[in-house]
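Notes for the one structure printed next.
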Amino acid sequence: MKKVVLLSMTAFIAVILGIIAWVFVSYFINSQAEDRNAKEFIEEKYGMEVKIVDEKPADFVDFHTYQMAPTEQEDVVFTVEVSEENYSTIYRDDYKAVRKEHELHQQVEKLMPQIERIGFSASSPDERVEHVVKDMRTGEAVHWLNLKTDKSYETIERAEIEELKSLLDLQRENNIDVQKIIIESKREEHFVVLDMREMGEVQSIEDVEKYVIGSDLRLAGERMQAKWQDAAAQAETERFRFHDQWNDQWISCHQVNDAGDCVNLLANVTFSPGELSRQNPHLEEDLDAIFNFFDSIEPKLMTVDLVMVDPEREGDPVRFFLKERKNYESTQQLIDDLVKE
């Protein structure tokens with residue numbers, strides 16, 4: 001009896017071990033077949049021999065992916081994504097985008113002496129040219145060139161615009177096929193982005209200046225404040241000034257026109273303690289001075305979001321859009337409605 005039980009247990013264990021071995025062998029065979037199919041698909045698609053560098057199984061988030069590289073160019077490592085759709089195996093890859101990035105690296109490497117003479121330096125070799133694939137189904141990708149400058153870019157001066165124009169000319173003359181050039185300041189947390197897809201009509205230095213200022217609302221606000229600071233100072237009285245107690249910039253630009261001029265903005269005005277009040281006998285005169293200043297700006301402003309503060313009214317600013325003045329018959333009526341005692 002004991003021998004029968006022992007034989008039965010031995011047979012059962014042998015069957016279990018056989019099943020486990022079969023599962024592992026089948027998985028290994030299937031895995032090898034999947035690897036071979038993916039590799040053969042890419043080789044046939046691009047007419048080159050490749051090798052598998054790495055593999056990542058599918059999980060709840062990502063598809064089954066391979067890292068592959070051409071056998072004759074092993075530093076060009078690209079991704080192959082494998083998915084099952086409608087009972088068919090679909091292979092998608094970013095080889096063209098990665099190969100293009102590799103070619104751009106080589107092109108930019110040769111052009112670096114010219115780029116440095118203009119006034120720019122390169123990021124680290126691995127970050128000099130980068131890309132992101134927007135859609136693996138189509139292979140559409142965006143490539144960009146990363147450069148650095150010793151300039152602060154806190155403001156953009158004419159000499160810096162001339163450098164950007166020279167860089168743009170170099171890019172066009174040598175057909176550096178990137179969608180963006182990003183120039184980062186080494187000194188400050190400021191940068192300039194030149195988007196080639198938006199710059200087809202940008203030709204002159206003036207065009208470059210309009211583009212750079214217009215694409216960075218911070219710069220647009222700074223340029224407008226600098227342009228109109230003297231006129232603002234002349235409009236001020238002893239009871240108020242154009243000023244933001246928390247920021248050097250009292251203008252915050254929200255929109256520019258085609259010429260790069262700020263036409264939609266938020267403006268801060270600070271009154272002396274107790275003067276933003278109906279008790280101020282000159283408040284109507286002060287507000288008219290503020291309104292007249294903004295009305296005098298050319299080109300005409302589309303929107304002015306006016307914020308007026310008084311240290312004695314902390315946390316209780318007077319804020320309204322200047323176009324709302326049309327709702328009042330007079331400045332005094334506006335004061336009666338918006339300003340507390």
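To be explicit about the labels: the chains of the structure tokens are called A, B, and onward in the order shown, and within each one the residues are counted from 1, while ligands get numbers from 1 in the order they are shown.
Around range 155-168 of chain A, within 8 Å and counting only C-alpha atoms, the residues found are A:Ile115, A:Ile118, A:Gly119, A:Ser204, A:Ile205, A:Val208, A:Glu209, A:Leu219, A:Glu222, A:Arg223, once anything fewer than 5 positions away on its own chain is removed.
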When you look at range 319-326 of chain A with a cut-off of 9 Å (counting only C-alpha atoms), what residues show up, excluding the ones that are within fewer than 6 positions of it in the same chain? I need them as a list in words. Phe291, Phe294, Met302, Thr303, Val304, Asp305, Leu306, Val307, Met308, Val309, Leu334 and Leu338 of chain A
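Our summary of the geometry notes that CA of Glu40 in chain A is positioned 22.8 Å from CA of Asp135 in chain A.
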So that I can check the surroundings of Thr149 in chain A, please list as a list of chain:residue names every protein, DNA and RNA residue that reaches within 9 Å of it, counting only C-alpha atoms and ignoring chain neighbours fewer than 2 positions away. A:Gly119, A:Phe120, A:Ser121, A:Ala122, A:Leu147, A:Lys151, A:Ser152, A:Tyr153, A:Ile183, A:Glu184, A:Ser185, A:Lys186, A:Arg187
Leaving out Phe63 in chain A and any residue of its chain fewer than 6 positions from it, which residues lie within 7 Å of it when counting only C-alpha atoms, given as a ChimeraX atom specification? /A:81-83
Please dump the current selection as a compact mmCIF listing (two decimals), in the first residue's frame; keep all heavy atoms.
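Resulting contents of part-v1.txt:
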```txt
# COMPACT_ATOMS: atom_id res chain seq x y z
N GLU A 81 7.61 49.25 -30.64
CA GLU A 81 6.44 48.99 -29.78
C GLU A 81 5.59 47.91 -30.43
O GLU A 81 5.27 47.99 -31.62
CB GLU A 81 5.65 50.29 -29.64
CG GLU A 81 4.47 50.23 -28.71
CD GLU A 81 3.75 51.58 -28.66
OE1 GLU A 81 4.15 52.43 -27.84
OE2 GLU A 81 2.82 51.79 -29.47
N VAL A 82 5.22 46.88 -29.66
CA VAL A 82 4.46 45.75 -30.18
C VAL A 82 3.10 45.72 -29.50
O VAL A 82 3.00 45.74 -28.27
CB VAL A 82 5.19 44.41 -29.94
CG1 VAL A 82 4.42 43.26 -30.61
CG2 VAL A 82 6.62 44.47 -30.45
N SER A 83 2.04 45.67 -30.29
CA SER A 83 0.70 45.61 -29.72
C SER A 83 -0.18 44.66 -30.54
O SER A 83 0.14 44.35 -31.70
CB SER A 83 0.08 47.01 -29.69
OG SER A 83 -0.05 47.54 -30.99
```
Nearby residues (only C-alpha atoms) at most 12 Å from His282 in chain A, same-chain spacing under 4 positions excluded, as an NGL selection string: :A and (237-240 or 275-278 or 286-289 or 331-332 or 335)
Proximity of range 85-171 of chain A to range 65-70 of chain A: per-residue shortest pair, 10 Å limit, only C-alpha atoms, as CSV:
```
residue,atom,partner,partner_atom,distance
A:Tyr91,CA,A:Thr65,CA,9.4
A:Arg92,CA,A:Thr65,CA,9.4
A:Asp93,CA,A:Tyr66,CA,9.3
A:Tyr95,CA,A:Ala69,CA,8.8
```
Write the residues of the selection above to a file with all heavy atoms, as a PDB file, in the first residue's frame.
```
ATOM      1  N   TYR A  91       3.466  46.512 -35.269  1.00  0.00           N
ATOM      2  CA  TYR A  91       4.781  47.019 -34.858  1.00  0.00           C
ATOM      3  C   TYR A  91       4.869  48.504 -35.199  1.00  0.00           C
ATOM      4  O   TYR A  91       4.593  48.897 -36.337  1.00  0.00           O
ATOM      5  CB  TYR A  91       5.906  46.273 -35.588  1.00  0.00           C
ATOM      6  CG  TYR A  91       5.940  44.791 -35.332  1.00  0.00           C
ATOM      7  CD1 TYR A  91       5.331  43.905 -36.210  1.00  0.00           C
ATOM      8  CD2 TYR A  91       6.593  44.279 -34.205  1.00  0.00           C
ATOM      9  CE1 TYR A  91       5.360  42.544 -35.976  1.00  0.00           C
ATOM     10  CE2 TYR A  91       6.625  42.919 -33.978  1.00  0.00           C
ATOM     11  CZ  TYR A  91       6.005  42.056 -34.857  1.00  0.00           C
ATOM     12  OH  TYR A  91       6.043  40.706 -34.617  1.00  0.00           O
ATOM     13  N   ARG A  92       5.242  49.315 -34.217  1.00  0.00           N
ATOM     14  CA  ARG A  92       5.474  50.747 -34.436  1.00  0.00           C
ATOM     15  C   ARG A  92       6.849  51.092 -33.872  1.00  0.00           C
ATOM     16  O   ARG A  92       7.271  50.534 -32.857  1.00  0.00           O
ATOM     17  CB  ARG A  92       4.391  51.596 -33.763  1.00  0.00           C
ATOM     18  CG  ARG A  92       2.983  51.325 -34.290  1.00  0.00           C
ATOM     19  CD  ARG A  92       1.981  52.333 -33.741  1.00  0.00           C
ATOM     20  NE  ARG A  92       0.649  52.126 -34.303  1.00  0.00           N
ATOM     21  CZ  ARG A  92      -0.336  51.481 -33.702  1.00  0.00           C
ATOM     22  NH1 ARG A  92      -0.145  50.974 -32.493  1.00  0.00           N
ATOM     23  NH2 ARG A  92      -1.515  51.339 -34.273  1.00  0.00           N
ATOM     24  N   ASP A  93       7.523  52.047 -34.537  1.00  0.00           N
ATOM     25  CA  ASP A  93       8.887  52.357 -34.096  1.00  0.00           C
ATOM     26  C   ASP A  93       9.191  53.829 -34.322  1.00  0.00           C
ATOM     27  O   ASP A  93       8.479  54.534 -35.042  1.00  0.00           O
ATOM     28  CB  ASP A  93       9.888  51.497 -34.866  1.00  0.00           C
ATOM     29  CG  ASP A  93       9.911  51.833 -36.348  1.00  0.00           C
ATOM     30  OD1 ASP A  93      10.709  52.718 -36.732  1.00  0.00           O
ATOM     31  OD2 ASP A  93       9.123  51.241 -37.124  1.00  0.00           O
ATOM     32  N   TYR A  95      12.395  54.784 -35.322  1.00  0.00           N
ATOM     33  CA  TYR A  95      13.737  54.748 -35.910  1.00  0.00           C
ATOM     34  C   TYR A  95      14.064  56.016 -36.686  1.00  0.00           C
ATOM     35  O   TYR A  95      15.154  56.583 -36.549  1.00  0.00           O
ATOM     36  CB  TYR A  95      13.892  53.524 -36.818  1.00  0.00           C
ATOM     37  CG  TYR A  95      15.157  53.560 -37.639  1.00  0.00           C
ATOM     38  CD1 TYR A  95      16.409  53.446 -37.030  1.00  0.00           C
ATOM     39  CD2 TYR A  95      15.114  53.742 -39.026  1.00  0.00           C
ATOM     40  CE1 TYR A  95      17.582  53.512 -37.779  1.00  0.00           C
ATOM     41  CE2 TYR A  95      16.280  53.799 -39.771  1.00  0.00           C
ATOM     42  CZ  TYR A  95      17.510  53.689 -39.144  1.00  0.00           C
ATOM     43  OH  TYR A  95      18.668  53.759 -39.875  1.00  0.00           O
TER      44      TYR A  95
END
```
For Glu116 in chain A, which residue out of A:His254, A:Gln203, A:Leu170, A:Asp94 is the nearest one, using only C-alpha atoms? A:Leu170
From the DSSP assignment of the backbone, select every residue of range 21-251 of chain A that is strand (DSSP E or B), and format the answer as a PyMOL selection string. chain A and resi 50-56+64-70+78-85+88-93+121-122+129-135+140-149+180-185+191-195+237+240-242+244+247+251
Looking only at helix (DSSP H, G or I) from DSSP on the backbone, list the matching residues of range 88-128 of chain A as a ChimeraX atom specification. /A:95-118,125-127
Since we have the selection now, will you write its residues out, keeping C-alpha atoms, as an mmCIF file, in the first residue's frame?
```
data_model
loop_
_atom_site.group_PDB
_atom_site.id
_atom_site.type_symbol
_atom_site.label_atom_id
_atom_site.label_comp_id
_atom_site.auth_asym_id
_atom_site.auth_seq_id
_atom_site.Cartn_x
_atom_site.Cartn_y
_atom_site.Cartn_z
ATOM 1 C CA TYR A 95 13.737 54.748 -35.910
ATOM 2 C CA LYS A 96 13.421 57.675 -38.332
ATOM 3 C CA ALA A 97 13.150 60.208 -35.482
ATOM 4 C CA VAL A 98 16.147 58.731 -33.649
ATOM 5 C CA ARG A 99 18.232 58.510 -36.825
ATOM 6 C CA LYS A 100 17.402 62.128 -37.617
ATOM 7 C CA GLU A 101 18.465 63.174 -34.104
ATOM 8 C CA HIS A 102 21.756 61.334 -34.602
ATOM 9 C CA GLU A 103 22.333 63.127 -37.923
ATOM 10 C CA LEU A 104 21.474 66.482 -36.337
ATOM 11 C CA HIS A 105 24.020 65.811 -33.569
ATOM 12 C CA GLN A 106 26.701 65.307 -36.203
ATOM 13 C CA GLN A 107 25.637 68.374 -38.199
ATOM 14 C CA VAL A 108 25.536 70.647 -35.144
ATOM 15 C CA GLU A 109 28.911 69.317 -33.976
ATOM 16 C CA LYS A 110 30.472 70.561 -37.228
ATOM 17 C CA LEU A 111 28.715 73.938 -36.941
ATOM 18 C CA MET A 112 29.566 74.584 -33.281
ATOM 19 C CA PRO A 113 32.582 76.831 -34.057
ATOM 20 C CA GLN A 114 30.295 79.141 -36.055
ATOM 21 C CA ILE A 115 27.586 78.996 -33.409
ATOM 22 C CA GLU A 116 30.127 79.897 -30.710
ATOM 23 C CA ARG A 117 31.410 82.845 -32.766
ATOM 24 C CA ILE A 118 27.880 84.240 -32.808
ATOM 25 C CA PRO A 125 26.532 66.418 -25.961
ATOM 26 C CA ASP A 126 23.651 64.189 -24.863
ATOM 27 C CA GLU A 127 21.299 67.183 -24.574
#
```
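Proximity of A:Asn86, A:Ser296, A:Gln255, A:Gln333 to Glu284 in chain A, computed with only C-alpha atoms, is greatest for A:Gln333.
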Within 12 Å of Val50 in chain A, counting only C-alpha atoms, which residues show up once you throw out same-chain ones fewer than 6 positions away? Write them as a list in words, please. Asp35, Arg36, Ala38, Lys39, Glu40, Phe41, Ile42, Glu43, Glu44, Tyr66, Gln67, Met68, Ala69, Pro70, Thr71, Glu72, Gln73, Glu74, Asp75, Val76, Val77, Phe78, Thr79, Val80 and Tyr95 of chain A
Would you pick out the contacts of Ser123 in chain A at 9 Å or less, using only C-alpha atoms, so that residues sharing its chain but fewer than 6 positions from it are not included, and give the list as JSON, numbers by chain? {"A": [129, 146, 147, 148]}
Keeping only N, CA, C and O atoms, take the residues you just selected and write them out as a PDB file, in the first residue's frame.
```pdb
ATOM      1  N   VAL A 129      20.950  68.046 -28.959  1.00  0.00           N
ATOM      2  CA  VAL A 129      19.770  67.872 -29.801  1.00  0.00           C
ATOM      3  C   VAL A 129      18.883  66.825 -29.143  1.00  0.00           C
ATOM      4  O   VAL A 129      19.360  65.766 -28.733  1.00  0.00           O
ATOM      5  N   ASN A 146      19.321  72.675 -28.264  1.00  0.00           N
ATOM      6  CA  ASN A 146      19.520  73.357 -26.979  1.00  0.00           C
ATOM      7  C   ASN A 146      20.850  74.102 -26.982  1.00  0.00           C
ATOM      8  O   ASN A 146      21.899  73.495 -27.198  1.00  0.00           O
ATOM      9  N   LEU A 147      20.796  75.407 -26.724  1.00  0.00           N
ATOM     10  CA  LEU A 147      22.005  76.217 -26.641  1.00  0.00           C
ATOM     11  C   LEU A 147      21.977  77.040 -25.368  1.00  0.00           C
ATOM     12  O   LEU A 147      20.928  77.173 -24.722  1.00  0.00           O
ATOM     13  N   LYS A 148      23.132  77.609 -25.011  1.00  0.00           N
ATOM     14  CA  LYS A 148      23.237  78.449 -23.825  1.00  0.00           C
ATOM     15  C   LYS A 148      23.887  79.782 -24.185  1.00  0.00           C
ATOM     16  O   LYS A 148      24.594  79.889 -25.195  1.00  0.00           O
TER      17      LYS A 148
END
```
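Nearest to Asp310 in chain A of all the residues A:Val202, A:Leu217, A:Val339, A:Ala231 is A:Val339, counting only C-alpha atoms.
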Quick check, in Å to one decimal: how far apart do CA of Val256 in chain A and CA of Ala220 in chain A lie? 7.5 Å
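CA of Glu236 in chain A to CA of Tyr328 in chain A spans 23.4 Å [interatomic distance, one decimal].
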